[in-house]
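Trainee: I have a structure here, written as C-alpha cells, and I will follow up with some questions on it.
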Amino acid sequence: MVQKCNFCVETLCTMTKGGSLYKAQRTPSDYIAAILELSSLVVRHQHRLLLYWDFLYHLMPDGWRFRRACDTVHRFTADVVQRRHQALNRLGREAWLKSKQGKTVDFIDILLLAKDEDGQDLSEEDIAAEADTFMFEGHDTTASGLSWVLYNLACHPEYQERCREEIKDLMRDKESEEIEWEYLSQMPFCTMCIKDSLRLHPPVTAVSRRCTEDIKLPDGRVLPKGNVCLISIYGTHHNPAVWPEPQVYNPHRFDPENSKNKPPLAFMPFSAGPRNCIGQNFAMAEMKVVLALTLLRFAVRLDESRPVRRKPELILRSENGLWLHLEPLGPSHESRPPAMYS
Ligand code: HEM
C-alpha cells in the first residue's frame, strides 16, 4: 500500500535526526500511526460544530485520542533531541563536532549548535518544535504526492513508459545507479508528470489566511479585513477556465510552450506568498528520485480490484489506500509475471 509507505518518514528522519531515529523508544510506526490519526481527527473536529469549544472536545473520546496522539508525536521527537543534546554535553562542542567529521550534519545538529538573537542556545523544546514542524509538514505530504504520481502513471502506461525512457537515457553509461543532484534538472518529462499529478491530486487541498486588508472580489463583494479565508488549492487546480478538462491527467499541460500564458497562481501545490512551503525543492527532489528509481526497476500497474476514491483529510488520501502492483522489470526491460508489491 503505497500511501502508507515509510519512505518519506525515513528520509526525513535521516535528514532531521541523523540516524538516531531507531534508538528512540517509540518506533516510527507508532509515530506514523499517530500522525495519521491526528490528520483524521483534526478534520473530524472541524466538521463538528458542537465540539468547537476545546473544553467540550477534550471531554469526548476524540479529544482524548487527540491528546494521546500528540503525546506520542511529541515524545518521539523529544527523546531524539534529548539524546543528541546529552551526547553534545558529554563530549563538549569541539569533540562532538570532530565526531561528526565525514558524517552528515543534519537539521537537529544545526539547531543544537545554533544561537538565538541574544546569543543563547535554543531550548530542547524549541528544537523539538522545529523538528516536529518539519516532520509533520514534510512526510505525509510527500508520501501523498508520490503515491498519486505512481497512481496516475499506473493509469497512463504511455506516460509511464516515456518517463522510464527518459531516466534510462539519463543513466546510460553511468557507473553508479544512484541519482545525482545534477540529474534532477535533466528529467523534464518526469517533472511534468509530477506537476500534473500535484495539480490533479494536490496533497494539501486548502490553506487558510487572515485578510490583512479589505479585499474586493471581481463581482464587487468585499472580504473584510480580519476575516479568515479558506483558499482551495484543489478548486484552483480544477478551475476549467484555466485548466481545460481539469479531471484529465495530462502532463503536457506543463510543457513550457503550454504553460507560458498561465496565471502564476493557477498552480500552487506548495501554496504561495511569504508562508509558502519551505520544503518544496526538497520535496520535488525526493519525488524525482523515488520515481526514477522505481520506474527503472518496476512496471507500476493498477490493482483493478481496489477502486480508488479520494478522501480529503488534512492531506489528500485515498479511502482504502492506494493499491498498486509493482512488476519487476527484467534486464531487457520486459516485465516478468507480477510479483505482489502492493
Ligand atoms: C509534496 C510535498 C509537499 C507539499 C504538497 C507541501 C505543501 C505545503 C503547503 C501547501 C504549505 C503551506 C501551508 C499553509 O500555508 O498553511 C506548506 C508549508 C510548509 N512546508 Fe510543505 N509541502 C510538501 C513537502 C514539504 C517538505 C518535504 C518539507 C520539509 C522538509 C516541508 C516543510 C514545510 C514547512 C516547514 C512549512 C511551513 C512554512 C511556514 O509556515 O512558513 N514541506 N507545505
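For the C-alpha cells, the naming scheme is as follows: chains receive sequential letters (A, B, ...) according to their order of presentation, residues are indexed from 1 within each chain, and ligands are indexed from 1 in presentation order.
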Where does stretch 131-197 of chain A meet stretch 68-91 of chain A within 10 Å, residue by residue, with the nearest atom pair and distance in Å to one decimal for each, counting only C-alpha atoms, listed by chain and rising number, as JSON lines?
Mentor:
{"residue": "A:Ala131", "atom": "CA", "partner": "A:Thr77", "partner_atom": "CA", "distance": 7.2}
{"residue": "A:Asp132", "atom": "CA", "partner": "A:Thr77", "partner_atom": "CA", "distance": 6.9}
{"residue": "A:Met135", "atom": "CA", "partner": "A:Thr77", "partner_atom": "CA", "distance": 9.3}
{"residue": "A:Phe136", "atom": "CA", "partner": "A:Val73", "partner_atom": "CA", "distance": 9.4}
Trainee: Using the selection just defined, write its residues with C-alpha atoms as a CSV table (one decimal), in the first residue's frame.
Mentor:
chain,number,residue,atom,x,y,z
A,131,ALA,CA,11.7,19.2,14.1
A,132,ASP,CA,8.0,18.4,14.6
A,135,MET,CA,8.3,16.1,10.2
A,136,PHE,CA,4.6,17.0,10.2
Trainee: Could you pull out the residues sitting within 8 Å of ligand 1, using only C-alpha atoms and all ligand atoms, and write them as an NGL selection string?
Mentor: :A and (12 or 133-146 or 198 or 202-209 or 268-272 or 274-284 or 286-287)
Trainee: Export, as a PDB file, in the first residue's frame, the selected residues with C-alpha atoms.
Mentor:
ATOM      1  CA  LEU A  12      13.110  12.972   6.852  1.00  0.00           C
ATOM      2  CA  THR A 133       7.037  21.113  12.173  1.00  0.00           C
ATOM      3  CA  PHE A 134       9.336  19.688   9.522  1.00  0.00           C
ATOM      4  CA  MET A 135       8.283  16.117  10.219  1.00  0.00           C
ATOM      5  CA  PHE A 136       4.571  16.984  10.166  1.00  0.00           C
ATOM      6  CA  GLU A 137       4.720  19.217   7.089  1.00  0.00           C
ATOM      7  CA  GLY A 138       7.245  17.111   5.250  1.00  0.00           C
ATOM      8  CA  HIS A 139       6.475  13.409   5.451  1.00  0.00           C
ATOM      9  CA  ASP A 140       2.785  12.840   4.860  1.00  0.00           C
ATOM     10  CA  THR A 141       2.620  15.469   2.119  1.00  0.00           C
ATOM     11  CA  THR A 142       5.449  13.907   0.126  1.00  0.00           C
ATOM     12  CA  ALA A 143       4.096  10.388   0.688  1.00  0.00           C
ATOM     13  CA  SER A 144       0.731  11.525  -0.677  1.00  0.00           C
ATOM     14  CA  GLY A 145       2.346  13.338  -3.637  1.00  0.00           C
ATOM     15  CA  LEU A 146       4.404  10.290  -4.531  1.00  0.00           C
ATOM     16  CA  LEU A 198       0.242  17.631  -7.949  1.00  0.00           C
ATOM     17  CA  PRO A 202      -2.739  18.187  -4.554  1.00  0.00           C
ATOM     18  CA  PRO A 203      -1.549  16.667  -1.247  1.00  0.00           C
ATOM     19  CA  VAL A 204      -2.579  19.839   0.631  1.00  0.00           C
ATOM     20  CA  THR A 205      -6.054  20.697  -0.644  1.00  0.00           C
ATOM     21  CA  ALA A 206      -6.536  24.067   1.084  1.00  0.00           C
ATOM     22  CA  VAL A 207      -4.741  26.708   3.126  1.00  0.00           C
ATOM     23  CA  SER A 208      -6.178  29.425   5.339  1.00  0.00           C
ATOM     24  CA  ARG A 209      -5.154  33.058   5.527  1.00  0.00           C
ATOM     25  CA  MET A 268       0.120  26.278  -6.230  1.00  0.00           C
ATOM     26  CA  PRO A 269       0.523  22.849  -4.621  1.00  0.00           C
ATOM     27  CA  PHE A 270       3.096  24.388  -2.264  1.00  0.00           C
ATOM     28  CA  SER A 271       0.921  27.466  -1.575  1.00  0.00           C
ATOM     29  CA  ALA A 272       2.267  30.926  -2.409  1.00  0.00           C
ATOM     30  CA  PRO A 274       5.691  34.547   2.270  1.00  0.00           C
ATOM     31  CA  ARG A 275       4.383  31.451   4.105  1.00  0.00           C
ATOM     32  CA  ASN A 276       4.664  29.039   1.203  1.00  0.00           C
ATOM     33  CA  CYS A 277       6.271  25.626   1.561  1.00  0.00           C
ATOM     34  CA  ILE A 278       9.852  25.894   2.703  1.00  0.00           C
ATOM     35  CA  GLY A 279      10.489  22.284   1.666  1.00  0.00           C
ATOM     36  CA  GLN A 280       9.226  22.419  -1.915  1.00  0.00           C
ATOM     37  CA  ASN A 281      12.596  21.922  -3.622  1.00  0.00           C
ATOM     38  CA  PHE A 282      13.419  19.092  -1.282  1.00  0.00           C
ATOM     39  CA  ALA A 283      10.005  17.518  -1.922  1.00  0.00           C
ATOM     40  CA  MET A 284      10.403  17.766  -5.707  1.00  0.00           C
ATOM     41  CA  GLU A 286      12.558  13.366  -3.264  1.00  0.00           C
ATOM     42  CA  MET A 287       9.719  12.635  -5.665  1.00  0.00           C
TER      43      MET A 287
END
Trainee: Out of A:Leu184, A:Leu322, A:Ile110, A:Leu36, which residue has the shortest atom-to-atom distance to A:Arg306 when counting only C-alpha atoms?
Mentor: A:Leu322
Trainee: Write down as a PyMOL selection string the residues belonging to stretch 213-291 of chain A that are assigned helix (DSSP H, G or I) by DSSP computed on the backbone.
Mentor: chain A and resi 233-237+251-254+256-259+280-291
Trainee: For the selection just defined, write its residues with N, CA and C atoms to a file, as a compact mmCIF listing (two decimals), in the first residue's frame.
Mentor:
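Writing the result to out-v6.txt gives the following:
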# COMPACT_ATOMS: atom_id res chain seq x y z
N ILE A 233 -6.88 24.97 -2.80
CA ILE A 233 -5.87 24.65 -3.82
C ILE A 233 -6.50 23.67 -4.81
N TYR A 234 -7.27 22.73 -4.27
CA TYR A 234 -7.94 21.74 -5.12
C TYR A 234 -8.85 22.45 -6.14
N GLY A 235 -9.65 23.40 -5.64
CA GLY A 235 -10.58 24.13 -6.52
C GLY A 235 -9.82 24.91 -7.59
N THR A 236 -8.74 25.58 -7.18
CA THR A 236 -7.95 26.37 -8.12
C THR A 236 -7.38 25.47 -9.22
N HIS A 237 -6.93 24.29 -8.81
CA HIS A 237 -6.32 23.37 -9.78
C HIS A 237 -7.35 22.69 -10.69
N PRO A 251 0.18 15.48 -18.52
CA PRO A 251 1.43 16.17 -18.20
C PRO A 251 1.80 17.26 -19.21
N HIS A 252 1.26 17.16 -20.43
CA HIS A 252 1.64 18.14 -21.45
C HIS A 252 1.15 19.55 -21.12
N ARG A 253 0.26 19.65 -20.16
CA ARG A 253 -0.14 21.00 -19.69
C ARG A 253 1.08 21.77 -19.22
N PHE A 254 2.09 21.03 -18.73
CA PHE A 254 3.27 21.69 -18.15
C PHE A 254 4.43 21.77 -19.13
N PRO A 256 6.65 23.69 -21.45
CA PRO A 256 6.92 25.14 -21.35
C PRO A 256 6.05 25.94 -22.32
N GLU A 257 5.82 25.38 -23.50
CA GLU A 257 5.03 26.08 -24.50
C GLU A 257 3.58 26.30 -24.01
N ASN A 258 3.03 25.25 -23.37
CA ASN A 258 1.62 25.34 -22.95
C ASN A 258 1.43 26.10 -21.64
N SER A 259 2.49 26.20 -20.84
CA SER A 259 2.28 26.86 -19.55
C SER A 259 2.67 28.34 -19.59
N GLN A 280 9.70 22.84 -0.59
CA GLN A 280 9.23 22.42 -1.91
C GLN A 280 10.34 21.87 -2.82
N ASN A 281 11.53 22.45 -2.76
CA ASN A 281 12.60 21.92 -3.62
C ASN A 281 13.02 20.53 -3.16
N PHE A 282 13.07 20.40 -1.83
CA PHE A 282 13.42 19.09 -1.28
C PHE A 282 12.37 18.05 -1.69
N ALA A 283 11.09 18.45 -1.59
CA ALA A 283 10.00 17.52 -1.92
C ALA A 283 10.06 17.11 -3.40
N MET A 284 10.32 18.09 -4.27
CA MET A 284 10.40 17.77 -5.71
C MET A 284 11.58 16.82 -5.95
N ALA A 285 12.70 17.08 -5.25
CA ALA A 285 13.87 16.21 -5.43
C ALA A 285 13.55 14.79 -4.97
N GLU A 286 12.92 14.69 -3.80
CA GLU A 286 12.56 13.37 -3.26
C GLU A 286 11.68 12.61 -4.26
N MET A 287 10.67 13.32 -4.77
CA MET A 287 9.72 12.64 -5.66
C MET A 287 10.40 12.19 -6.96
N LYS A 288 11.32 13.04 -7.46
CA LYS A 288 12.01 12.66 -8.71
C LYS A 288 12.89 11.43 -8.47
N VAL A 289 13.60 11.42 -7.34
CA VAL A 289 14.50 10.30 -7.08
C VAL A 289 13.69 9.00 -6.94
N VAL A 290 12.62 9.05 -6.16
CA VAL A 290 11.85 7.81 -5.95
C VAL A 290 11.21 7.36 -7.26
N LEU A 291 10.69 8.33 -8.00
CA LEU A 291 10.06 7.98 -9.28
C LEU A 291 11.09 7.32 -10.20
Trainee: How far is it from atom CA of A:Glu166 to atom CA of A:Phe189, in Å with one decimal?
Mentor: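 Computed distance, atom CA of A:Glu166 to atom CA of A:Phe189, equals 7.3 Å.
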Trainee: Record the distance separating atom CA of A:Leu302 and atom CA of A:Gly330, expressed in Å with one decimal.
Mentor: 19.4 Å
Trainee: Can you list, as a PyMOL selection string, every protein, DNA or RNA residue that comes within 8 Å of A:Arg164 when you count only C-alpha atoms, leaving out same-chain residues fewer than 6 positions away?
Mentor: chain A and resi 292+295-296
Trainee: So that I have them on file, write out the residues from the current selection with C-alpha atoms, as a compact mmCIF listing (two decimals), in the first residue's frame.
Mentor:
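The resulting file, selection.txt, is reproduced below:
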# COMPACT_ATOMS: atom_id res chain seq x y z
CA ALA A 292 13.29 7.41 -11.21
CA LEU A 295 10.46 3.11 -12.79
CA LEU A 296 13.94 1.81 -13.58
Trainee: Atom CA of A:Ile32 to atom CA of A:Ile315: how many Å, to one decimal?
Mentor: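 If I compute the distance from atom CA of A:Ile32 to atom CA of A:Ile315, I get 13.6 Å.
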Trainee: Which is closest to A:Glu161 among A:Arg44, A:Leu324, A:Asp126, A:Cys193, if we use only C-alpha atoms?
Mentor: A:Cys193
